[in-house]
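S.K.: Sending over a structure as structure tokens; questions will come in a sec.
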Amino acid sequence: MKKSFFDRLFGWLSPEEPSFPPPSPAPPTPPPGAGAARQVGDIAPADPAEPAEVSAPSAPTPETPTPLAFVKDDNQRYYGWKALQTDDIGLTYSYQPQFKLPLQVEVDSKEKPEPKPMVKAWLHEGKDRLAHVQRTERKYGVPIILVSQSVKDVLSHFQLPVHRFHLVALKPYRIDKIETPYYLLQLEHDTLRKQLAYPIPIKGLSKMAVGHDGFRRPVTVTKLPPLTSYTAIKKLQEEISNDPTNDWRAPEIVTEHFSLATSLDLYTYKDEIVISEPLRDALQRHFPAAVSFYELNLPPIQMDPGIYQQKVKQYANLQEEVRAVTYSYAPEIKQLYDRSEARLAKKFSIHEEAFGDDEFTELSRRLQLVLPESFKETYRLQPDLNGWEWEKIKHIFTLEDADWKEAEAIGAIAFAGNGCGDHLGLPLQKDSLFEAGTIVFYFDHEEGSCHELGELADMDSWKANI
């Protein structure tokens, strides 16, 4: 009877039928900084092939290599790196490649590449604006990040894994002209585990399981032999996935710690970007309003303490000229954004008498908005809106949070909704920060966009279009 994968994997624990596989010898540890030479066009060397199993009955079972000991060093820190997710005027605008990924890492040094198009992605709330590190939608699990020329210059001082910079052409929504060059930094996949000093001790295999209370929690199967190479990790996962007797689909290999065999400043864990503390400090110092960092949900990462401290000192005083990101709007768009920013900053004042003296006075004070008489008259009647619901006075609000990509939305009064997050509203009058207009707009919550419907008083001509 054929044994299942887990019977074969854990059979070595049984004294009756040992089946412990002979491990591969640990590869030699490369010298510090070995990853620095692997720049554009250089490909990482492949892991040595796993030796064939010795099947001769007389062959002794080889001993398991001794895993590298973990020495805790609180000064060695690694962080996740991503673009700033939000700022004072809303969520950051995001882009996605309009070309197939992954691209080949090799590049002919003589080629003059044409900029590859990057188009707006699903996240486009708020004002169109550019930062040194722009939010990017990753596709196909490829570790990428969109950076300006200045970020590229700073990164040139650090040791990176196999990578390539692709010159890109951004296609934003309202920005008229972009003068700053932008690059899509494409990194080799999963370089952290490729650059470990093997063998590494592992706790087991982890998957998510649903408990009796309905919550999903990780379940770990322990007592696995040390892994001797990156190839061994992929081979183990492949065997689990291909075994028809279990329902584990490539579970995570849970390690006790990561011991680095190289002194790179940037790694990738699958498609996650992992950077050293010196690189984090340099990015924070040069681009404080463009990047964000987070604690990694990974086992401890360690490297030689002496080498790490040398790197900290080496980069402590790194200086690089950072050029501001330069772009411009069309004149009419700039006027809209200037008015929106002024409204958000509350740089205006309204005389108390302007709020009137009727049932809408308290609403006007709360919204700091003067309402037109035509709106008051229509609201009192509340005619049918083809299934849309008029908001109650205490629930009426203005779109102040820059969560729409259209500048016309800022300060617009939302007086009706369809229950799905979409609104009918009246944008501010032209060149005013506190007077609602009389033109009805449809505000689409799903896309963050809006379009004009018509005059509020001429409802019969536009309500069929909502």
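As shown in the structure tokens, the chain order sets the letters A, B, ...; within each chain, residues go from 1, and ligands are also counted from 1 in the order they appear.
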Excluding Gln302 (chain A) and residues on its chain fewer than 4 positions from it, collect all residues at most 8 Å away from it, counting only C-alpha atoms, and give them as a PyMOL selection string.
M.R.: chain A and resi 70-73+76+257-260
S.K.: Find the residues around Ala354 (chain A) up to 10 Å (only C-alpha atoms counted), leave out those fewer than 6 positions away in its own chain, and share them as a list in words.
M.R.: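 That gives Thr361, Ser364, Arg365, Leu369, Val370, Leu371 and Glu435 of chain A.
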S.K.: The selected residues should be written to file as a PDB file, in the first residue's frame (atoms: N, CA and C atoms).
M.R.:
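The result, written out as result-v4.pdb:
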ATOM      1  N   THR A 361     -31.033  76.640   8.686  1.00  0.00           N
ATOM      2  CA  THR A 361     -29.978  77.463   9.279  1.00  0.00           C
ATOM      3  C   THR A 361     -28.955  76.621  10.031  1.00  0.00           C
ATOM      4  N   SER A 364     -26.718  74.798   7.604  1.00  0.00           N
ATOM      5  CA  SER A 364     -25.743  75.696   6.975  1.00  0.00           C
ATOM      6  C   SER A 364     -24.582  75.987   7.909  1.00  0.00           C
ATOM      7  N   ARG A 365     -24.882  76.211   9.197  1.00  0.00           N
ATOM      8  CA  ARG A 365     -23.816  76.464  10.161  1.00  0.00           C
ATOM      9  C   ARG A 365     -22.904  75.241  10.282  1.00  0.00           C
ATOM     10  N   LEU A 369     -21.810  76.386   4.916  1.00  0.00           N
ATOM     11  CA  LEU A 369     -22.214  76.437   3.529  1.00  0.00           C
ATOM     12  C   LEU A 369     -23.496  77.249   3.391  1.00  0.00           C
ATOM     13  N   VAL A 370     -23.515  78.150   2.431  1.00  0.00           N
ATOM     14  CA  VAL A 370     -24.717  78.918   2.124  1.00  0.00           C
ATOM     15  C   VAL A 370     -25.493  78.165   1.050  1.00  0.00           C
ATOM     16  N   LEU A 371     -26.752  77.840   1.334  1.00  0.00           N
ATOM     17  CA  LEU A 371     -27.560  77.027   0.429  1.00  0.00           C
ATOM     18  C   LEU A 371     -28.428  77.915  -0.453  1.00  0.00           C
ATOM     19  N   GLU A 435     -20.490  78.871  -1.087  1.00  0.00           N
ATOM     20  CA  GLU A 435     -21.820  78.979  -1.676  1.00  0.00           C
ATOM     21  C   GLU A 435     -22.079  77.780  -2.578  1.00  0.00           C
TER      22      GLU A 435
END
S.K.: What are the DSSP strand (DSSP E or B) residues of region 231-444 of chain A, as an MDAnalysis selection string?
M.R.: chainID A and resid 252:255 258:260 266:269 272:276 291:295 301:302 327:329 370 385 388:390 397:398 413:417 423:426 428 435:436 439:444
S.K.: For Tyr95 (chain A), find every residue with an atom within 10 Å (counting only C-alpha atoms), except residues of its own chain fewer than 2 positions away, and show them as a PyMOL selection string.
M.R.: chain A and resi 92-93+97-98+117-124+134-138+146+170-172
S.K.: Output as number ranges by chain all residues of region 221-377 of chain A that backbone DSSP marks as alpha helix (DSSP H).
M.R.: A: 230-242, 277-286, 305-316, 331-344, 361-367, 373-377
S.K.: Looking at A:Asp128, A:Glu377, A:Asp87, A:Glu446, which one is nearest to Leu336 (chain A), with distances taken over only C-alpha atoms?
M.R.: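 Ranking A:Asp128, A:Glu377, A:Asp87, A:Glu446 by distance to Leu336 (chain A), first place goes to A:Asp128.
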S.K.: Using 10 Å as the limit and counting only C-alpha atoms, can you tabulate each residue of region 137-217 of chain A that touches region 322-328 of chain A, with its shortest atom-to-atom distance in Å and the two atoms involved, as CSV?
M.R.:
residue,atom,partner,partner_atom,distance
A:Ser148,CA,A:Val325,CA,7.7
A:Gln149,CA,A:Arg323,CA,8.4
A:Ser150,CA,A:Val322,CA,5.4
A:Val151,CA,A:Val322,CA,8.0
A:Asp153,CA,A:Val322,CA,8.6
A:Val154,CA,A:Val322,CA,8.6
A:Arg174,CA,A:Ser328,CA,9.2
A:Ile175,CA,A:Ser328,CA,6.0
A:Asp176,CA,A:Ser328,CA,5.6
A:Lys177,CA,A:Ser328,CA,5.3
A:Ile178,CA,A:Tyr327,CA,4.3
A:Glu179,CA,A:Thr326,CA,5.5
A:Thr180,CA,A:Thr326,CA,5.6
A:Pro181,CA,A:Val325,CA,8.9
A:Tyr182,CA,A:Val325,CA,9.8
S.K.: Generate a file of the selected residues that holds N, CA and C atoms, formatted as a short mmCIF file (atom, residue, chain, number, x, y, z; two decimals), in the first residue's frame.
M.R.:
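And here is the file that came out, out.cif:
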data_model
loop_
_atom_site.label_atom_id
_atom_site.label_comp_id
_atom_site.auth_asym_id
_atom_site.auth_seq_id
_atom_site.Cartn_x
_atom_site.Cartn_y
_atom_site.Cartn_z
N SER A 148 11.29 57.83 -8.30
CA SER A 148 11.78 58.96 -9.09
C SER A 148 13.28 58.82 -9.34
N GLN A 149 13.81 59.72 -10.14
CA GLN A 149 15.24 59.73 -10.43
C GLN A 149 16.06 59.90 -9.16
N SER A 150 15.60 60.73 -8.23
CA SER A 150 16.36 60.96 -7.00
C SER A 150 16.44 59.71 -6.14
N VAL A 151 15.34 58.94 -6.05
CA VAL A 151 15.37 57.69 -5.29
C VAL A 151 16.32 56.71 -5.95
N ASP A 153 18.95 57.47 -7.59
CA ASP A 153 20.32 57.92 -7.29
C ASP A 153 20.74 57.49 -5.88
N VAL A 154 19.83 57.61 -4.91
CA VAL A 154 20.15 57.19 -3.54
C VAL A 154 20.39 55.69 -3.49
N ARG A 174 -5.13 64.06 -14.22
CA ARG A 174 -5.26 65.50 -14.37
C ARG A 174 -3.93 66.24 -14.47
N ILE A 175 -2.82 65.54 -14.33
CA ILE A 175 -1.51 66.20 -14.44
C ILE A 175 -1.21 66.42 -15.91
N ASP A 176 -0.81 67.65 -16.22
CA ASP A 176 -0.63 68.03 -17.62
C ASP A 176 0.76 67.66 -18.14
N LYS A 177 1.80 67.86 -17.32
CA LYS A 177 3.16 67.62 -17.78
C LYS A 177 4.02 67.16 -16.61
N ILE A 178 4.80 66.10 -16.84
CA ILE A 178 5.70 65.55 -15.81
C ILE A 178 7.13 65.72 -16.29
N GLU A 179 7.94 66.42 -15.52
CA GLU A 179 9.32 66.66 -15.90
C GLU A 179 10.30 65.70 -15.22
N THR A 180 9.94 65.18 -14.06
CA THR A 180 10.81 64.27 -13.33
C THR A 180 10.79 62.88 -13.96
N PRO A 181 11.94 62.28 -14.27
CA PRO A 181 11.96 60.91 -14.78
C PRO A 181 11.53 59.93 -13.69
N TYR A 182 10.78 58.89 -14.07
CA TYR A 182 10.36 57.84 -13.15
C TYR A 182 10.79 56.48 -13.69
#
S.K.: Mind checking which residues fall within 9 Å of region 313-319 of chain A, counting only C-alpha atoms, ignoring those fewer than 6 positions away in the same chain, and posting them as a PyMOL selection string?
M.R.: chain A and resi 154+157-158+278-279+281-282+286
S.K.: Rank nothing, just name the residue among A:Val162, A:Leu187, A:Ala69, A:Leu453 nearest to Leu101 (chain A), using only C-alpha atoms.
M.R.: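 Closest to Leu101 (chain A) of all the choices is A:Leu187.
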S.K.: Given the choices A:Lys376, A:Lys223, A:Arg216, A:His189, which gets closest to Thr438 (chain A) if the distance is worked out from only C-alpha atoms?
M.R.: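 For Thr438 (chain A), the nearest of the given residues is A:Lys376.
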S.K.: Between A:Met208, A:Tyr173, A:Lys139, A:Arg77, single out the one closest to Gln96 (chain A), counting only C-alpha atoms.
M.R.: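 The answer is A:Lys139, which sits nearest to Gln96 (chain A).
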S.K.: Can you tell me how far CA of Val168 (chain A) sits from CA of Lys270 (chain A), in Å to one decimal?
M.R.: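 Computed distance, CA of Val168 (chain A) to CA of Lys270 (chain A), equals 23.6 Å.
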S.K.: Report, in Å with one decimal, the straight-line distance from CA of Leu264 (chain A) to CA of Lys100 (chain A).
M.R.: 27.8 Å
S.K.: Taking 2 positions as the minimum chain separation for residues in the same chain, which residues sit within 8 Å of Ala409 (chain A) when counting only C-alpha atoms? Answer as number ranges by chain.
M.R.: A: 399-400, 402, 404, 406-407, 411-412, 427, 443, 450
S.K.: Take the residues that were just selected and, keeping C-alpha atoms, output them as an mmCIF file, in the first residue's frame.
M.R.:
data_model
loop_
_atom_site.group_PDB
_atom_site.id
_atom_site.type_symbol
_atom_site.label_atom_id
_atom_site.label_comp_id
_atom_site.auth_asym_id
_atom_site.auth_seq_id
_atom_site.Cartn_x
_atom_site.Cartn_y
_atom_site.Cartn_z
ATOM 1 C CA LEU A 399 -17.621 65.778 0.392
ATOM 2 C CA GLU A 400 -14.731 67.289 2.331
ATOM 3 C CA ALA A 402 -10.723 64.406 -0.699
ATOM 4 C CA TRP A 404 -12.938 61.609 -4.803
ATOM 5 C CA GLU A 406 -12.624 64.970 -9.051
ATOM 6 C CA ALA A 407 -11.794 68.375 -7.592
ATOM 7 C CA GLY A 411 -17.303 71.114 -0.660
ATOM 8 C CA ALA A 412 -20.186 69.683 -2.692
ATOM 9 C CA PRO A 427 -20.746 71.494 -6.167
ATOM 10 C CA PHE A 443 -20.828 61.298 -7.652
ATOM 11 C CA CYS A 450 -18.442 62.596 -11.009
#
S.K.: Name all residues at most 10 Å from Val219 (chain A) (count only C-alpha atoms; drop same-chain ones fewer than 4 positions away) and give them as a PyMOL selection string.
M.R.: chain A and resi 204-210
S.K.: Mind dumping the selected residues with C-alpha atoms as an mmCIF file, in the first residue's frame?
M.R.:
data_model
loop_
_atom_site.group_PDB
_atom_site.id
_atom_site.type_symbol
_atom_site.label_atom_id
_atom_site.label_comp_id
_atom_site.auth_asym_id
_atom_site.auth_seq_id
_atom_site.Cartn_x
_atom_site.Cartn_y
_atom_site.Cartn_z
ATOM 1 C CA GLY A 204 7.549 22.873 10.400
ATOM 2 C CA LEU A 205 4.906 23.514 7.775
ATOM 3 C CA SER A 206 2.122 26.033 8.329
ATOM 4 C CA LYS A 207 -1.320 26.338 6.794
ATOM 5 C CA MET A 208 -4.535 28.110 7.745
ATOM 6 C CA ALA A 209 -7.270 25.997 9.357
ATOM 7 C CA VAL A 210 -10.784 26.910 10.492
#
S.K.: What is the CA of Pro65 (chain A)-CA of Glu239 (chain A) distance in Å, reported with one decimal?
M.R.: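 Rounded to one decimal, the two atoms are 22.1 Å apart.
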S.K.: Of the residues A:Gly454, A:Lys203, A:Thr378, A:Lys334, which is the one nearest to Pro299 (chain A), using only C-alpha atoms?
M.R.: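 Of A:Gly454, A:Lys203, A:Thr378, A:Lys334, the one nearest Pro299 (chain A), counting only C-alpha atoms, is A:Lys203.
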